[in-house]
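Enquirer: What follows is coords11.txt; its format and atoms are compact mmCIF, C-alpha atoms and all ligand atoms.
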```
# COMPACT_ATOMS: atom_id res chain seq x y z
CA MET A 1 87.88 94.15 98.25
CA ARG A 2 90.65 94.97 95.81
CA GLU A 3 89.64 98.56 95.03
CA LEU A 4 89.84 101.65 97.21
CA SER A 5 86.62 102.82 95.51
CA LEU A 6 84.76 99.77 96.86
CA HIS A 7 85.97 100.54 100.38
CA LEU A 8 84.83 104.12 99.85
CA LEU A 9 81.34 102.86 99.03
CA ASP A 10 81.41 100.72 102.18
CA ILE A 11 82.71 103.44 104.53
CA ALA A 12 80.24 105.98 103.10
CA GLU A 13 77.46 103.50 103.89
CA ASN A 14 78.39 103.86 107.59
CA SER A 15 77.94 107.64 107.30
CA ILE A 16 74.57 107.15 105.58
CA SER A 17 73.46 104.71 108.32
CA ALA A 18 74.61 107.25 110.92
CA GLY A 19 71.99 109.64 109.53
CA ALA A 20 74.38 112.11 107.91
CA SER A 21 72.88 114.87 105.74
CA ARG A 22 76.26 116.02 104.45
CA ILE A 23 79.13 113.74 103.43
CA GLU A 24 82.45 114.96 102.12
CA ILE A 25 84.96 112.71 100.40
CA VAL A 26 88.53 113.90 100.01
CA LEU A 27 90.93 111.85 97.93
CA SER A 28 94.52 112.93 97.56
CA GLU A 29 97.52 111.55 95.77
CA ASP A 30 100.95 113.02 96.40
CA SER A 31 103.90 111.50 94.58
CA ALA A 32 106.53 113.59 96.42
CA LEU A 33 105.25 112.32 99.77
CA ASP A 34 104.49 108.92 98.22
CA LEU A 35 101.07 109.14 99.83
CA LEU A 36 97.55 108.09 98.89
CA GLN A 37 95.02 109.39 101.36
CA MET A 38 91.24 109.29 101.59
CA SER A 39 88.95 110.97 104.11
CA ILE A 40 85.22 110.56 104.61
CA ILE A 41 83.74 113.33 106.72
CA ASP A 42 80.11 113.25 107.86
CA ASN A 43 77.71 115.09 110.14
CA GLY A 44 76.02 111.90 111.33
CA LYS A 45 75.35 110.79 114.88
CA GLY A 46 79.04 110.24 115.71
CA MET A 47 80.74 107.78 118.06
CA SER A 48 82.04 107.86 121.60
CA LYS A 49 85.76 107.30 122.35
CA GLU A 50 85.01 103.73 123.47
CA MET A 51 83.07 103.05 120.30
CA ILE A 52 85.96 104.30 118.13
CA ALA A 53 88.34 101.99 119.97
CA GLN A 54 85.96 99.10 119.40
CA VAL A 55 85.09 99.56 115.72
CA THR A 56 88.62 98.96 114.55
CA ASP A 57 88.32 95.59 116.26
CA PRO A 58 86.47 93.15 113.95
CA PHE A 59 84.17 91.82 116.69
CA ILE A 60 82.12 94.97 117.25
CA THR A 61 79.11 96.30 115.38
CA SER A 62 75.90 98.08 116.35
CA ARG A 63 74.06 96.26 113.60
CA THR A 64 71.56 93.65 114.66
CA THR A 65 71.56 91.44 111.55
CA ARG A 66 75.04 90.03 112.16
CA LYS A 67 77.32 90.17 115.17
CA VAL A 68 80.56 91.44 113.62
CA GLY A 69 81.37 94.59 111.69
CA LEU A 70 84.04 94.05 109.06
CA GLY A 71 84.21 97.17 106.92
CA ILE A 72 86.52 99.33 109.02
CA PRO A 73 88.85 96.50 110.19
CA LEU A 74 89.28 95.31 106.58
CA LEU A 75 90.31 98.75 105.35
CA LYS A 76 92.58 99.28 108.37
CA ALA A 77 94.38 95.99 107.72
CA ALA A 78 94.83 96.85 104.04
CA ALA A 79 96.32 100.25 104.94
CA GLU A 80 98.64 98.85 107.58
CA ASP A 81 99.91 96.28 105.07
CA CYS A 82 101.07 99.26 102.97
CA ASN A 83 102.92 101.27 105.66
CA GLY A 84 99.72 103.24 106.15
CA SER A 85 97.12 103.79 108.84
CA LEU A 86 93.45 104.30 109.55
CA ASN A 87 92.29 107.00 111.92
CA ILE A 88 88.87 107.98 113.21
CA THR A 89 87.95 111.18 115.00
CA SER A 90 84.37 111.64 116.05
CA GLU A 91 82.11 113.49 118.38
CA PRO A 92 78.67 112.20 119.35
CA GLY A 93 76.00 114.46 117.87
CA ILE A 94 78.48 116.29 115.64
CA GLY A 95 79.93 113.83 113.16
CA THR A 96 82.78 111.57 112.18
CA GLU A 97 85.94 111.82 110.12
CA LEU A 98 87.68 108.69 108.94
CA THR A 99 91.07 108.99 107.24
CA VAL A 100 93.01 106.19 105.64
CA LYS A 101 96.58 106.47 104.34
CA PHE A 102 98.66 104.21 102.11
CA GLN A 103 102.22 104.34 100.88
CA ARG A 104 101.22 105.11 97.30
CA SER A 105 104.00 103.12 95.62
CA HIS A 106 103.66 100.08 97.89
CA ILE A 107 103.50 96.86 95.88
CA ASP A 108 100.39 95.67 97.76
CA ARG A 109 98.56 98.99 97.58
CA MET A 110 95.15 98.41 96.03
CA PRO A 111 94.18 100.48 92.97
CA ILE A 112 91.72 103.36 93.35
CA GLY A 113 89.57 101.48 90.86
CA ASP A 114 86.27 102.60 89.40
CA LEU A 115 85.90 105.86 91.31
CA VAL A 116 83.29 107.31 88.93
CA SER A 117 80.89 104.40 89.47
CA THR A 118 81.23 104.70 93.25
CA ILE A 119 80.59 108.47 93.30
CA ILE A 120 77.63 108.19 90.89
CA ASN A 121 76.20 105.36 92.96
CA LEU A 122 76.39 107.42 96.18
CA ILE A 123 74.93 110.60 94.67
CA ILE A 124 72.11 108.96 92.75
CA CYS A 125 70.99 106.53 95.47
CA ASN A 126 71.07 109.09 98.29
CA PRO A 127 69.49 112.22 96.83
CA LEU A 128 68.71 113.75 100.23
CA ILE A 129 72.38 113.82 101.21
CA HIS A 130 74.60 116.75 100.23
CA TRP A 131 77.70 115.18 98.62
CA ILE A 132 81.03 116.90 98.18
CA PHE A 133 83.86 115.12 96.43
CA SER A 134 87.28 116.68 96.18
CA TYR A 135 90.26 115.20 94.44
CA HIS A 136 93.83 116.42 94.91
CA TYR A 137 96.58 115.16 92.65
CA ASN A 138 99.97 116.63 93.51
CA GLU A 139 99.57 120.41 93.19
CA LYS A 140 96.21 120.24 91.36
CA ASN A 141 92.74 119.84 92.79
CA ALA A 142 89.08 119.92 91.80
CA ILE A 143 85.78 119.72 93.63
CA PHE A 144 82.43 118.27 92.65
CA ASP A 145 79.73 119.66 94.92
CA ASP A 146 76.28 118.28 94.08
CA GLU A 147 74.41 121.24 95.60
CA PRO A 148 74.37 123.45 92.44
CA VAL A 149 73.27 120.40 90.44
CA LYS A 150 70.32 119.77 92.74
CA GLN A 151 69.42 123.44 92.73
CA ALA A 152 69.38 123.46 88.93
CA LEU A 153 67.16 120.38 88.92
CA GLY A 154 64.65 121.50 91.51
CA ASP A 155 62.74 118.41 92.61
CA PHE A 156 63.37 116.64 89.32
CA PRO A 157 64.63 113.08 90.02
CA LEU A 158 68.33 112.32 89.53
CA THR A 159 67.50 108.87 88.11
CA GLU A 160 66.07 110.15 84.82
CA PRO A 161 68.27 108.88 81.95
CA GLU A 162 69.29 112.33 80.61
CA ILE A 163 70.21 113.54 84.09
CA LEU A 164 72.24 110.43 84.86
CA THR A 165 74.31 110.96 81.73
CA CYS A 166 74.89 114.60 82.64
CA ILE A 167 75.96 113.92 86.22
CA ARG A 168 78.29 111.13 85.12
CA SER A 169 80.10 113.43 82.70
CA MET A 170 80.43 116.12 85.41
CA VAL A 171 82.07 113.66 87.79
CA GLU A 172 84.34 112.35 85.02
CA GLU A 173 85.36 115.90 84.13
CA THR A 174 86.25 116.69 87.74
CA ILE A 175 88.61 113.73 87.86
CA GLN A 176 90.09 114.32 84.39
CA GLU A 177 90.71 117.96 85.19
CA VAL A 178 93.10 116.98 87.95
CA ASN A 179 94.48 113.76 86.51
CA PRO A 180 94.05 113.38 82.72
CA HIS A 181 95.45 109.85 82.87
CA PHE A 182 93.01 108.59 85.47
CA SER A 183 91.01 106.21 83.26
CA GLN A 184 94.21 104.81 81.74
CA ASP A 185 95.45 104.13 85.26
CA ILE A 186 92.37 102.01 85.87
CA VAL A 187 92.94 99.99 82.72
CA THR A 188 96.59 99.23 83.49
CA ILE A 189 95.77 98.30 87.04
CA TYR A 190 92.93 96.00 86.00
CA ASN A 191 95.31 94.19 83.69
CA GLN A 192 97.70 93.38 86.50
CA PRO A 193 97.40 89.87 87.92
CA LEU A 194 95.95 89.74 91.43
CA ARG A 195 98.60 89.42 94.10
CA ARG A 196 97.63 87.30 97.14
CA MET B 1 82.62 122.68 91.11
CA PRO B 2 80.37 121.90 88.14
CA GLY B 3 81.04 124.68 85.61
CA ILE B 4 78.37 127.03 84.22
CA LYS B 5 78.42 125.11 80.95
CA SER B 6 77.67 121.76 82.56
CA LEU B 7 74.90 123.30 84.64
CA GLU B 8 73.41 124.71 81.42
CA ASP B 9 73.64 121.23 79.88
CA LEU B 10 71.91 119.87 82.94
CA LYS B 11 69.04 122.33 82.68
CA LYS B 12 68.67 121.46 78.99
CA ALA B 13 68.61 117.74 79.83
CA ARG B 14 65.93 118.47 82.43
CA GLU B 15 63.78 120.35 79.90
CA GLU B 16 64.12 117.52 77.37
CA ALA B 17 63.26 114.92 79.98
CA LEU B 18 60.22 116.93 81.05
CA LYS B 19 58.94 117.12 77.46
CA LYS B 20 59.27 113.37 76.98
CA ARG B 21 57.68 112.61 80.32
CA GLU B 22 54.58 114.63 79.50
CA LEU B 23 54.01 112.37 76.51
CA LYS B 24 54.23 109.24 78.63
CA ALA B 25 51.14 107.71 80.17
CA ALA B 26 51.24 107.72 83.94
CA SER B 27 52.90 104.40 84.62
CA GLY B 28 53.17 103.13 88.20
CA THR B 29 56.41 104.24 89.80
CA ALA B 30 59.03 101.55 90.25
CA GLN B 31 61.57 101.41 93.03
CA VAL B 32 64.83 99.45 92.74
CA ILE B 33 66.84 98.88 95.92
CA VAL B 34 70.38 97.47 96.01
CA GLY B 35 71.94 96.05 99.20
CA MET B 36 75.18 97.97 99.83
CA GLY B 37 76.47 96.44 103.05
CA THR B 38 80.04 95.15 103.21
CA CYS B 39 79.06 91.65 102.00
CA GLY B 40 76.99 93.07 99.15
CA ILE B 41 79.81 95.31 97.97
CA ALA B 42 82.37 92.50 98.23
CA ALA B 43 80.04 90.25 96.20
CA GLY B 44 79.65 92.81 93.39
CA ALA B 45 76.73 95.09 94.36
CA ARG B 46 78.38 98.11 92.76
CA ASP B 47 78.58 96.31 89.41
CA ALA B 48 74.89 95.43 89.70
CA MET B 49 74.11 99.07 90.49
CA LYS B 50 76.25 100.20 87.56
CA ALA B 51 74.36 97.88 85.20
CA ILE B 52 71.02 99.16 86.54
CA LEU B 53 71.95 102.82 86.01
CA GLU B 54 73.44 102.11 82.58
CA THR B 55 70.29 100.28 81.50
CA ILE B 56 68.22 103.28 82.58
CA GLU B 57 70.40 105.38 80.27
CA THR B 58 70.66 103.05 77.27
CA ASP B 59 66.96 102.07 77.31
CA ALA B 60 65.80 105.57 78.36
CA ILE B 61 63.76 104.18 81.26
CA SER B 62 61.84 106.93 83.03
CA GLY B 63 60.13 107.04 86.42
CA VAL B 64 62.34 104.62 88.35
CA ILE B 65 63.69 105.41 91.81
CA VAL B 66 67.00 103.70 92.60
CA THR B 67 68.18 103.53 96.20
CA GLN B 68 70.64 101.59 98.32
CA THR B 69 70.26 99.94 101.68
CA GLY B 70 72.64 98.44 104.25
CA CYS B 71 73.06 94.77 105.12
CA ILE B 72 69.77 92.87 105.08
CA GLY B 73 71.23 89.70 106.57
CA LEU B 74 71.29 87.47 103.49
CA CYS B 75 75.05 87.60 103.01
CA GLU B 76 75.32 84.30 101.11
CA LYS B 77 72.80 85.49 98.49
CA GLU B 78 74.48 88.84 97.77
CA PRO B 79 74.36 90.92 95.63
CA ILE B 80 70.69 91.48 96.54
CA VAL B 81 68.31 93.64 94.50
CA GLN B 82 64.70 94.38 95.43
CA VAL B 83 62.01 95.68 93.11
CA VAL B 84 58.74 97.31 94.12
CA ILE B 85 56.31 98.28 91.36
CA GLY B 86 53.31 100.35 92.33
CA GLU B 87 51.21 98.57 94.93
CA GLN B 88 52.59 95.12 94.14
CA PRO B 89 54.51 93.20 96.82
CA LYS B 90 58.30 93.57 96.94
CA VAL B 91 60.29 91.05 94.88
CA THR B 92 63.77 90.11 96.18
CA TYR B 93 66.51 88.87 93.86
CA GLY B 94 69.78 87.17 94.85
CA LYS B 95 73.14 86.61 93.15
CA VAL B 96 72.49 89.57 90.89
CA THR B 97 75.31 89.76 88.35
CA PRO B 98 75.36 92.73 85.93
CA GLU B 99 73.68 90.46 83.38
CA VAL B 100 70.88 89.57 85.80
CA ALA B 101 70.56 93.25 86.77
CA ARG B 102 70.02 94.17 83.11
CA ARG B 103 67.37 91.43 82.81
CA ILE B 104 65.60 92.69 85.95
CA MET B 105 65.47 96.18 84.44
CA LYS B 106 64.29 95.05 81.02
CA GLU B 107 61.97 92.16 81.94
CA HIS B 108 60.60 93.16 85.34
CA VAL B 109 60.87 96.95 85.76
CA THR B 110 59.98 97.73 82.15
CA GLY B 111 58.14 94.56 81.13
CA GLY B 112 56.35 93.69 84.37
CA LYS B 113 57.53 90.05 84.32
CA VAL B 114 59.45 88.70 87.35
CA VAL B 115 62.87 87.14 86.57
CA GLU B 116 62.12 83.77 88.19
CA SER B 117 65.66 82.33 87.97
CA ASN B 118 67.04 84.74 90.59
CA LYS B 119 63.99 85.34 92.74
CA ILE B 120 64.42 84.57 96.45
CA ASN B 121 61.45 83.46 98.50
CA LEU B 122 61.86 85.14 101.89
N1 LIG A 201 80.57 107.38 110.28
C1 LIG A 201 80.07 106.74 111.34
N2 LIG A 201 79.22 107.35 112.21
C2 LIG A 201 78.70 106.68 113.28
N3 LIG A 201 78.99 105.40 113.56
C3 LIG A 201 79.82 104.72 112.75
C4 LIG A 201 80.40 105.36 111.61
N4 LIG A 201 81.20 104.45 110.99
C5 LIG A 201 81.11 103.34 111.70
N5 LIG A 201 80.28 103.47 112.76
C6 LIG A 201 79.95 102.44 113.75
O1 LIG A 201 80.92 101.42 113.65
C7 LIG A 201 80.32 100.15 113.41
C8 LIG A 201 81.25 99.26 112.60
O2 LIG A 201 81.35 99.71 111.25
P1 LIG A 201 81.84 98.71 110.12
O3 LIG A 201 83.20 98.19 110.47
O4 LIG A 201 81.73 99.38 108.82
O5 LIG A 201 80.84 97.47 110.21
P2 LIG A 201 79.27 97.47 109.94
O6 LIG A 201 78.94 98.69 109.13
O7 LIG A 201 79.07 96.22 109.14
O8 LIG A 201 78.62 97.44 111.26
C9 LIG A 201 79.00 100.49 112.77
O9 LIG A 201 78.05 99.46 112.97
C10 LIG A 201 78.61 101.80 113.48
O10 LIG A 201 78.00 101.52 114.71
MG MG A 202 80.01 99.37 107.46
```
I'd like the structure from this file rewritten - as structure tokens, please.
Ligand SMILES: Nc1ncnc2c1ncn2[C@@H]1O[C@H](COP(=O)(O)OP(=O)(O)O)[C@@H](O)[C@H]1O
Ligand SMILES: [Mg+2]

Expert:
Amino acid sequence: MRELSLHLLDIAENSISAGASRIEIVLSEDSALDLLQMSIIDNGKGMSKEMIAQVTDPFITSRTTRKVGLGIPLLKAAAEDCNGSLNITSEPGIGTELTVKFQRSHIDRMPIGDLVSTIINLIICNPLIHWIFSYHYNEKNAIFDDEPVKQALGDFPLTEPEILTCIRSMVEETIQEVNPHFSQDIVTIYNQPLRR
Amino acid sequence: MPGIKSLEDLKKAREEALKKRELKAASGTAQVIVGMGTCGIAAGARDAMKAILETIETDAISGVIVTQTGCIGLCEKEPIVQVVIGEQPKVTYGKVTPEVARRIMKEHVTGGKVVESNKINL
């Protein structure tokens, strides 16, 4: 997966499977610290210490359809290739926080990619989960909390065409507010040849 | 936080949608499910999802529920999309590119005709 946004979709799926009702995504870019960091914080069923130690090893999964879990080890390897790290803190019955860090300027660091599509996908397909997305870019930051949106809609479905359009522009605005060049970044990155 | 203005826009969009929906005959609800496990995502499930949501917008398709699910153990056929219309049995599609996803929305979800080329027999 050559996009941090695709890994985000994958890691968030773990939180959904863990029965979370609230999932917070925090993305931050800091050029002074040369850091790109992403956290996914959920209130799902959590993991024991032993489980945390095991899930960063590619031969463990609690899924029954296939014997190995790959999502977390893949992201960990990508981070470590860029002078970064992946860390999990969790408490059974309380929730889990996964944080991944990259050296932002590292030549092998994957692009953030199509963040809007990932966020829209998560919000629309999991309407019973309370989603909070916050984006920090150097000294600026913005939050998209889907709670006011759902309150305004009542029980009206998020998948209606007019509503989809509205939510998409809200998410886009949140990102643009903090980083006006975000979409251009995606274009330049997509035009780069794939390394590896 | 979504600003007051965008929330107002949202409420307006909701009112408009409600008006249109009242005019529509009660069509059977359709459910579209996209496999979002690691293999699905790596194979392009998000692009399929994106095409599905965009088709809902461009073709103004109402009354569809779109959800995601984890790995369903058909990794080599990913991206996987399943469609359930009303009481009809679930149809599973494999290798769903954005183009196939658009066809599923137009031909099956809206038109009621299964896209045979990508149907998987489970
Ligand atoms: N947020 C979370 N809450 C609870 N358990 C988790 C969480 N994230 C991961 N896990 C556990 O770690 C396992 C490995 O995750 P992952 O590497 O993504 O592989 P997979 O999801 O394919 O099993 C999961 O099957 C699950 O048991
Ligand atoms: Mg996973």

Enquirer: Any chance you could tabulate, as CSV, the residues of chain B at most 9 Å from ligand LIG 201 (chain A) with each one's nearest atom pair and distance in Å to one decimal, using only C-alpha atoms and all ligand atoms, in chain and rising number order?

Expert:
```
residue,atom,partner,partner_atom,distance
B:Gly37,CA,A:LIG201,O7,6.6
B:Thr38,CA,A:LIG201,O7,6.1
B:Cys39,CA,A:LIG201,O7,8.5
B:Gly70,CA,A:LIG201,O6,8.0
B:Cys71,CA,A:LIG201,O7,7.4
```

Enquirer: Could you check which of B:Leu10, B:Met36, B:Gln82, B:Arg102 is closest to Ile61 of chain B, using all atoms listed in the file?

Expert: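 For Ile61 of chain B, the nearest of the candidates is B:Arg102.
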
Enquirer: Could you tell me how far atom CA of Val81 of chain B lies from atom CA of Val32 of chain B, in Å and to one decimal?

Expert: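 So the two atoms, atom CA of Val81 of chain B and atom CA of Val32 of chain B, lie 7.0 Å apart.
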
Enquirer: Based on all atoms listed in the file, which of the residues in chain A come within 6 Å of chain B? I want them as a list in words.

Expert: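 Written out as asked, the residues are Met1, Asp10, Thr65, Gly71, Cys125, Ile143, Phe144, Asp145, Glu160, Pro161 and Glu162 of chain A.
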
Enquirer: Rounded to one decimal, what separation in Å do you get between atom CA of Gly93 of chain A and atom CA of Ser21 of chain A?

Expert: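 Calculated distance between atom CA of Gly93 of chain A and atom CA of Ser21 of chain A is 12.5 Å.
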
Enquirer: As an exercise, work out the distance from atom CA of Leu158 of chain A to atom CA of Ala30 of chain B in Å and give it to one decimal place.

Expert: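 Distance reported for this atom pair: 14.2 Å.
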
Enquirer: Compare A:Ala152, A:Leu75, A:Ala53, A:Leu27 by their minimum atom-to-atom distance to ligand MG 202 (chain A), counting all atoms listed in the file, and give me the closest one.

Expert: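 So, comparing all the options, the nearest one is A:Leu75.
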
Enquirer: Would you write out, as CSV, a table of all residues in chain A that have an atom no more than 9 Å from an atom of ligand MG 202 (chain A), listing for each the closest atom pair and the distance in Å to one decimal, considering all atoms listed in the file and ordering rows by chain and rising residue number?

Expert:
```
residue,atom,partner,partner_atom,distance
A:Asp10,CA,A:MG202,MG,5.6
A:Ile11,CA,A:MG202,MG,5.7
A:Ala12,CA,A:MG202,MG,7.9
A:Glu13,CA,A:MG202,MG,6.0
A:Asn14,CA,A:MG202,MG,4.8
A:Ser15,CA,A:MG202,MG,8.5
A:Ser17,CA,A:MG202,MG,8.5
A:Thr61,CA,A:MG202,MG,8.5
A:Gly69,CA,A:MG202,MG,6.5
A:Leu70,CA,A:MG202,MG,6.9
A:Gly71,CA,A:MG202,MG,4.8
A:Ile72,CA,A:MG202,MG,6.7
```

Enquirer: Select all residues near (60.1, 85.6, 86.5) (cut-off 12 Å, inclusive, file coordinates), counting all atoms listed in the file, and output them as an MDAnalysis selection string.

Expert: chainID B and resid 91:93 100 103:104 106:109 111:120

Enquirer: Which is closer to Ile88 of chain A than all the others in A:Pro127, A:Gly113, A:Gly19, A:Gly46, using only C-alpha atoms?

Expert: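 Closest to Ile88 of chain A, using only C-alpha atoms: A:Gly46.
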
Enquirer: For Gly95 of chain A, please output as number ranges by chain all residues within 6 Å (counting all atoms listed in the file; exclusion window: fewer than 2 positions along the same chain).

Expert: A: 42-46, 90-91

Enquirer: Return the single residue from A:Cys82, A:Leu74, A:Ile107, A:Val149 that is closest to Ile167 of chain A, with distances computed using all atoms listed in the file.

Expert: A:Val149
